[in-house]
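Accompanying notes for the structure given below.
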Amino acid sequence: MHDLSISLLSYKKPNLTNVNILEASQVSKSYAVHKALDNVSIAIPKQSIFGLLGPNGAGKTTLIRIINQIIMADEGEVLINGEKLNPKHIEIIGYLPEERGLYKKMKVGEQLMYLAQLKGLSSGEARKRIKHWLEKLGLTDWAGKKVEDLSKGMAQKIQFIATVMHEPELLILDEPFSGFDPVNANLIKDEIFELREKGATVIFSTHRMESVEQLCDDIAMINKSQKILDGTKKDIKNSYKSNKYQVDYKGAMKPLSPQFSILESNELEDNHTQALIQTNPGQNPNELLKELIEKTEVHGFTEVIPSINDIFIQIVEEGEDS
Amino acid sequence: MKQIFLVLKREYMVRVKKRSFLLATILTPLIFPALIATIYYFANRDNSEVQDVFVLDESGLFEGKLTSDSYNYTFLEGDKDEAKQRFQDEGAYGFLYVPGIDLTDAEKTSYDEFEFYSQTNLGITVEQAFERQLRKVLEDIKLDQSGLDPDVLNSLKANVDLDTFNLSESGEAQESNSGLSLAVGYIFGFLIYMFIFIYGSQIMQSVLDEKTSRIVEVIVSSVRPFQLMMGKVLGVGSVGFTQLIIWIVLMATLATVGFNLVGVPAEAMAENMPAEAMELTDTQEMAMNVQNMLSTLPITRIVVSFLFYFLGAYFLYGALYAAVGSAVDSLQDAQQFMFPIIIPLIVSIVALNIVIQDPDSSLAFWLSMIPFTSPVVMMGRIPFGVPLWELLLSMTLLIAGFVAMIWVAGRIYRVGILMYGVKVNWKTLKVWFTMKV
C-alpha cells in the first residue's frame, strides 16, 4: 500500500501562500428556525490542502453549498480569487458532495460528457479528457457500460473523474473517503496530490478528523455553526502541546525529581512499563531524558502531540465550561 | 440558456432512445382502433344472445303480445310462489309477475304493480326495455278501448330533425354536425388529459430518480435548480410532442391509405362533390360523408388551440409534478401530494362529458377559463365554435396560470431536491416555499 507520509515529506510547498484562493468573511445562514452558520470567516491559501473539520451538523455542508452557489448566504461575503462569488466561478470549482451518485441507466461515457458540458467544456475537449482519465484509472473498457453494471469502486472512480475533469482550481471534497474502499481511497489521495502539484487547491470537509489530519496544511474547525479555531496545522498543534512525554522503560524506575510528574503508568509484557510524564512548560526534553537515563533503562521516548481530534474535544469542552 | 438546453437534451435523448418509447409510439395508433373494434364487437354480441324470461300473467292481457329478439317469453300457470320457485329451479334470466290490472278506469295512467325478479341486478337499459314493452302493450289496449283510429293518432305525431348551421363571421352559412364536433372535442380534450397523466408522472419520476440516486447535488453545483427543473420539464415535454407528431403523421397516413383502399375518387375528394352526384358504393359514400363532415369543422383553429392548450397544460401540471417529485423520497410518499393535482384533472374530464353536450353553458364557460381545467374543457368546446374573445381570455389566463405554477414549483423544488429523509407535509412545503435560499 502506498505510504502517504513519504509523498507528504517529499512535497515542497510552493511559495504562493500569501494569495488566498478563497476568503469568506462573516458568513451567516439560517434555515427556518435553525442557524446553520453564524458569522464564519475562513481564508484558504492557494495550492494548500485545507481541512474543514467539525462534527455532523456543524454547518460544513452549508458553507460548501454557499461556495458552490447552490444556496446563498444571508449575510457576509465570499471572494474567489478576490472576486465576489458569481456564476462563472462554477466552472473553476470541482465539487464531490457527501451525497453523491450517478445516473444509473446512463452509459459512463455519455454521463461524463454531460457533466463535463455542464461545467462549460466543449464536447471535443471533454471527449479528450474523458479518454485520458478513463485510461489513467483503468476504466477505458467501461465507457460504453451503464453505471448500474459497474462495481461500487468503479462508480466511485467515475464520480471522482466527474469532479476533476474540468481541471478545477478549487476542489471541494465533502466526506471524500466515506464509502471509498481503502485501495480507492489511496488512489484518490494520490490523484489529489498530483492535482495540487499542478496548482489546484483542495478543501477536505469531514467529521472524521483523523482521516485527513496528515493531509492538511491548514484547518478550520466548525462546531455548532461557529468557527472555533483555524490556522496552519503546525501552529495549532504547537499551541496545544502540553509538555507530555510517553516513556517506555524496563525494570524499576527510581523516583524522579519534583519537576517531573508521572501522570499514568501501565505495565506491559516482559517487565516493560509505559508511563506518561508531565514536564514544566519551557523545559527541554533533553532534561527529562537525562534524568530518565539515570533512573531507569529507557526503551522508548516520544513527545505526546495532541491529535486534531483531541484539540477539538478540548476546545469544545473548554467552551462548554466557560 | 445553454445549461437548460443541455439538461433538455439529456432528458430527451434518454427517453427517445428507449425501446419502450419506440413501441408505444408505433403501436398506440394501431391499438386504439383495435380496442374500439373489440368493444364494438362485444357490445353487439351480447345483444344477440337470447335469454329465457318466465311470465305469470294474472291479468291475461299480455299473453302472446310480448315479443323480442333478445328474450324468449314463457307463460306459466299456477300461483306466484310456485312460479317463483320454478324460475329459481330452472335458473331462467328473469321472472315477470303481472297481477290483475283494471284497464276500465280511464283516469288511471300509472301502473306500478308489475314485479320483475332476476338472478342479477338489471342494468338500467334492460329495465327500461322491459318497461317500454309493457307500456306499449297497455297503450295499445287502451287505444283500442278509446275507439280512436290509430291512423289518426299516427298523423298527429311530428318527427323533427334539426339541420344545424354555423353562421360564420363572413355571413356564410356552414352546415355543422354536432355529433362530429362532440367526438372531436372529446378526443382532443381526452388527449390532453392523458398526456398530462403520462408525461407528468414521468417528470416526477425523473426528479425522484435524481434525488434517490444522489446525483442531484452534483448537478446543481453546475446548474441552477430552476434551470434543471425547466430543462427537465421541457425535455420530457419535447418527448411527448415528438410522440404526438409521430402519431398524427401515422394516423393521417393510415387514414389516407384507408380512404384509398375504399377507393374514393380523388377528384371527388378535391372538389368536395356531393356523394349523390357520383355512382358510389356504400362504403365509398360513407368515406365521402366522413370527409365532407370533417370539412365542416374549424380544423385550423382546433389544431392551433390544441397545440397551445397541450403545451400550456403540460407546463402547468408538469411544474407541479416536478415540485412533488422534489419534495418526497419515494413514490409512495408522493401519493398525498398527488391528490390536489389529480382532482382538477378528474374534474376536467368529468366536466368534458357534460360540456360536449352543452358547450355554451355557464359551467362550460367558467371551467374553460380556470387554468387548471381550461385545456381539457376548452378543447371540448372549440369544435362547436367559441367566441374569439373567450378563447383569447382563456389562453391569457392559462399563460398566467402556468407562469405562476412554475414559479411556485421552482421555489419548492430548489429546497426539496437537497432534502433527504425529511418527513414532508403541507406545512413543510409552505416553509420551503417561503424559505430564502
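Ordering of the C-alpha cells sets the chain letters (A, B, ...); residue numbers start at 1 within each chain; ligands are numbered from 1 in the order shown.
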
Margin query: Set the cut-off to 10 Å and count only C-alpha atoms: what are the residues of chain A that reach chain B? Output as a ChimeraX atom specification.
Written below: /A:29-32,65-74,87-91,93-106,110-111,114-120,159,162-163

Put those residues in a file: C-alpha atoms, as a tab-separated table (two decimals), in the first residue's frame.
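Saved file again.tsv follows:
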chain	number	residue	atom	x	y	z
A	29	LYS	CA	-27.05	31.40	7.05
A	30	SER	CA	-30.32	30.48	8.72
A	31	TYR	CA	-32.91	27.92	7.79
A	32	ALA	CA	-36.46	28.30	9.02
A	65	ARG	CA	-23.07	24.77	-0.65
A	66	ILE	CA	-22.68	28.52	-0.33
A	67	ILE	CA	-19.28	28.36	-2.01
A	68	ASN	CA	-20.84	26.24	-4.77
A	69	GLN	CA	-23.66	28.77	-5.16
A	70	ILE	CA	-26.25	26.10	-4.53
A	71	ILE	CA	-27.59	28.27	-1.74
A	72	MET	CA	-26.94	31.89	-0.85
A	73	ALA	CA	-25.59	33.31	2.36
A	74	ASP	CA	-27.94	35.51	4.35
A	87	PRO	CA	-21.79	32.23	-11.86
A	88	LYS	CA	-18.56	32.00	-13.78
A	89	HIS	CA	-16.83	30.59	-10.70
A	90	ILE	CA	-18.90	27.42	-11.12
A	91	GLU	CA	-16.51	26.34	-13.86
A	93	ILE	CA	-14.82	24.57	-8.83
A	94	GLY	CA	-14.96	20.80	-8.69
A	95	TYR	CA	-17.34	19.51	-6.07
A	96	LEU	CA	-17.72	15.99	-4.76
A	97	PRO	CA	-20.70	16.15	-2.43
A	98	GLU	CA	-21.22	13.94	0.56
A	99	GLU	CA	-24.44	12.64	-1.00
A	100	ARG	CA	-23.15	11.60	-4.40
A	101	GLY	CA	-24.32	9.35	-7.15
A	102	LEU	CA	-24.65	8.93	-10.88
A	103	TYR	CA	-27.47	8.31	-13.35
A	104	LYS	CA	-27.78	4.54	-13.09
A	105	LYS	CA	-29.25	3.96	-16.52
A	106	MET	CA	-26.82	6.17	-18.38
A	110	GLU	CA	-22.28	9.81	-22.03
A	111	GLN	CA	-22.66	10.64	-18.38
A	114	TYR	CA	-22.96	15.53	-19.92
A	115	LEU	CA	-21.36	16.52	-16.62
A	116	ALA	CA	-18.33	18.00	-18.41
A	117	GLN	CA	-20.52	20.09	-20.70
A	118	LEU	CA	-22.49	21.36	-17.73
A	119	LYS	CA	-19.17	22.60	-16.37
A	120	GLY	CA	-18.60	24.50	-19.60
A	159	GLN	CA	-17.57	10.24	-9.63
A	162	ALA	CA	-16.58	13.87	-12.99
A	163	THR	CA	-15.34	16.12	-10.18

Can you list, as an mmCIF file with C-alpha atoms, in the first residue's frame, every protein, DNA or RNA residue that comes within 12 Å of stretch 70-83 of chain B when you count only C-alpha atoms, leaving out same-chain residues fewer than 2 positions away?
data_model
loop_
_atom_site.group_PDB
_atom_site.id
_atom_site.type_symbol
_atom_site.label_atom_id
_atom_site.label_comp_id
_atom_site.auth_asym_id
_atom_site.auth_seq_id
_atom_site.Cartn_x
_atom_site.Cartn_y
_atom_site.Cartn_z
ATOM 1 C CA ASN B 44 -73.105 -6.271 -30.310
ATOM 2 C CA ARG B 45 -72.546 -9.902 -29.442
ATOM 3 C CA ASP B 46 -74.209 -9.585 -26.035
ATOM 4 C CA ASN B 47 -77.392 -8.303 -27.647
ATOM 5 C CA SER B 48 -77.711 -11.310 -29.885
ATOM 6 C CA GLU B 49 -77.924 -13.782 -27.004
ATOM 7 C CA VAL B 50 -81.482 -14.957 -26.290
ATOM 8 C CA GLN B 51 -82.498 -15.142 -22.621
ATOM 9 C CA ASP B 52 -85.364 -17.033 -21.009
ATOM 10 C CA VAL B 53 -87.943 -14.952 -19.186
ATOM 11 C CA PHE B 54 -90.871 -16.518 -17.319
ATOM 12 C CA VAL B 55 -94.107 -14.599 -17.113
ATOM 13 C CA LEU B 56 -97.011 -15.174 -14.735
ATOM 14 C CA ASP B 57 -99.830 -13.075 -16.114
ATOM 15 C CA GLU B 58 -102.851 -12.904 -13.799
ATOM 16 C CA GLY B 60 -104.384 -12.164 -19.043
ATOM 17 C CA LEU B 61 -103.562 -9.020 -21.043
ATOM 18 C CA PHE B 62 -100.074 -9.911 -22.226
ATOM 19 C CA GLU B 63 -100.242 -13.479 -23.440
ATOM 20 C CA GLY B 64 -98.848 -13.628 -26.960
ATOM 21 C CA LYS B 65 -98.204 -9.908 -27.088
ATOM 22 C CA LEU B 66 -94.661 -9.857 -25.710
ATOM 23 C CA THR B 67 -92.137 -10.434 -28.438
ATOM 24 C CA SER B 68 -88.466 -9.680 -28.557
ATOM 25 C CA GLN B 85 -89.898 -21.498 -7.330
ATOM 26 C CA ARG B 86 -89.801 -22.738 -10.900
ATOM 27 C CA PHE B 87 -87.945 -19.652 -12.040
ATOM 28 C CA GLN B 88 -85.279 -20.324 -9.408
ATOM 29 C CA ASP B 89 -85.043 -24.048 -10.090
ATOM 30 C CA GLU B 90 -84.643 -23.624 -13.807
ATOM 31 C CA GLY B 91 -82.305 -20.637 -13.492
ATOM 32 C CA ALA B 92 -84.068 -18.536 -16.097
ATOM 33 C CA TYR B 93 -82.856 -14.988 -16.768
ATOM 34 C CA GLY B 94 -85.904 -13.290 -15.271
ATOM 35 C CA PHE B 95 -89.396 -13.727 -13.944
ATOM 36 C CA LEU B 96 -92.090 -11.158 -14.642
ATOM 37 C CA TYR B 97 -95.152 -11.109 -12.421
ATOM 38 C CA VAL B 98 -98.247 -9.289 -13.694
ATOM 39 C CA PRO B 99 -101.132 -9.017 -11.211
ATOM 40 C CA GLU B 115 -92.800 -7.162 -10.374
ATOM 41 C CA PHE B 116 -89.653 -8.383 -12.004
ATOM 42 C CA TYR B 117 -87.276 -10.940 -10.455
ATOM 43 C CA VAL B 126 -82.570 -3.593 -19.733
ATOM 44 C CA ALA B 129 -86.558 -2.015 -22.340
ATOM 45 C CA PHE B 130 -88.969 -4.151 -20.306
ATOM 46 C CA GLN B 133 -92.572 -3.273 -23.898
#

Between atom CA of A:Thr62 and atom CA of A:Gln156 lies a distance of 23.1 Å

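Interatomic distance, atom CA of B:Asp102 against atom CA of B:Leu148: 19.7 Å.
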
- Task: Would you mind writing down, as number ranges by chain, each residue of stretch 9-228 of chain A that DSSP on the backbone assigns to strand (DSSP E or B)?
- Result: A: 20-30, 35-45, 49-53, 75-80, 83-84, 93-96, 107, 146, 170-174, 201-206, 218-223, 226-228

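Of the residues under consideration (B:Leu138, B:Phe310, B:Gln119, B:Tyr41), B:Leu138 shows the shortest atom-to-atom contact distance to B:Ser59 when counting only C-alpha atoms.
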
* Residue contacts of B:Met230 (9 Å, only C-alpha atoms) excluding same-chain residues fewer than 4 positions away, as a list in words ->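 Once the nearby chain positions are removed, what remains is Ile4, Val7, Leu8, Pro225, Phe226, Leu234, Gly235, Ala319, Ile406 and Gly410 of chain B.
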
Test item: residues at most 10 Å from A:Ser178, only C-alpha atoms, excluding those fewer than 4 positions along its chain, as an NGL selection string: :A and (98 or 174 or 182 or 185 or 206 or 208 or 211)
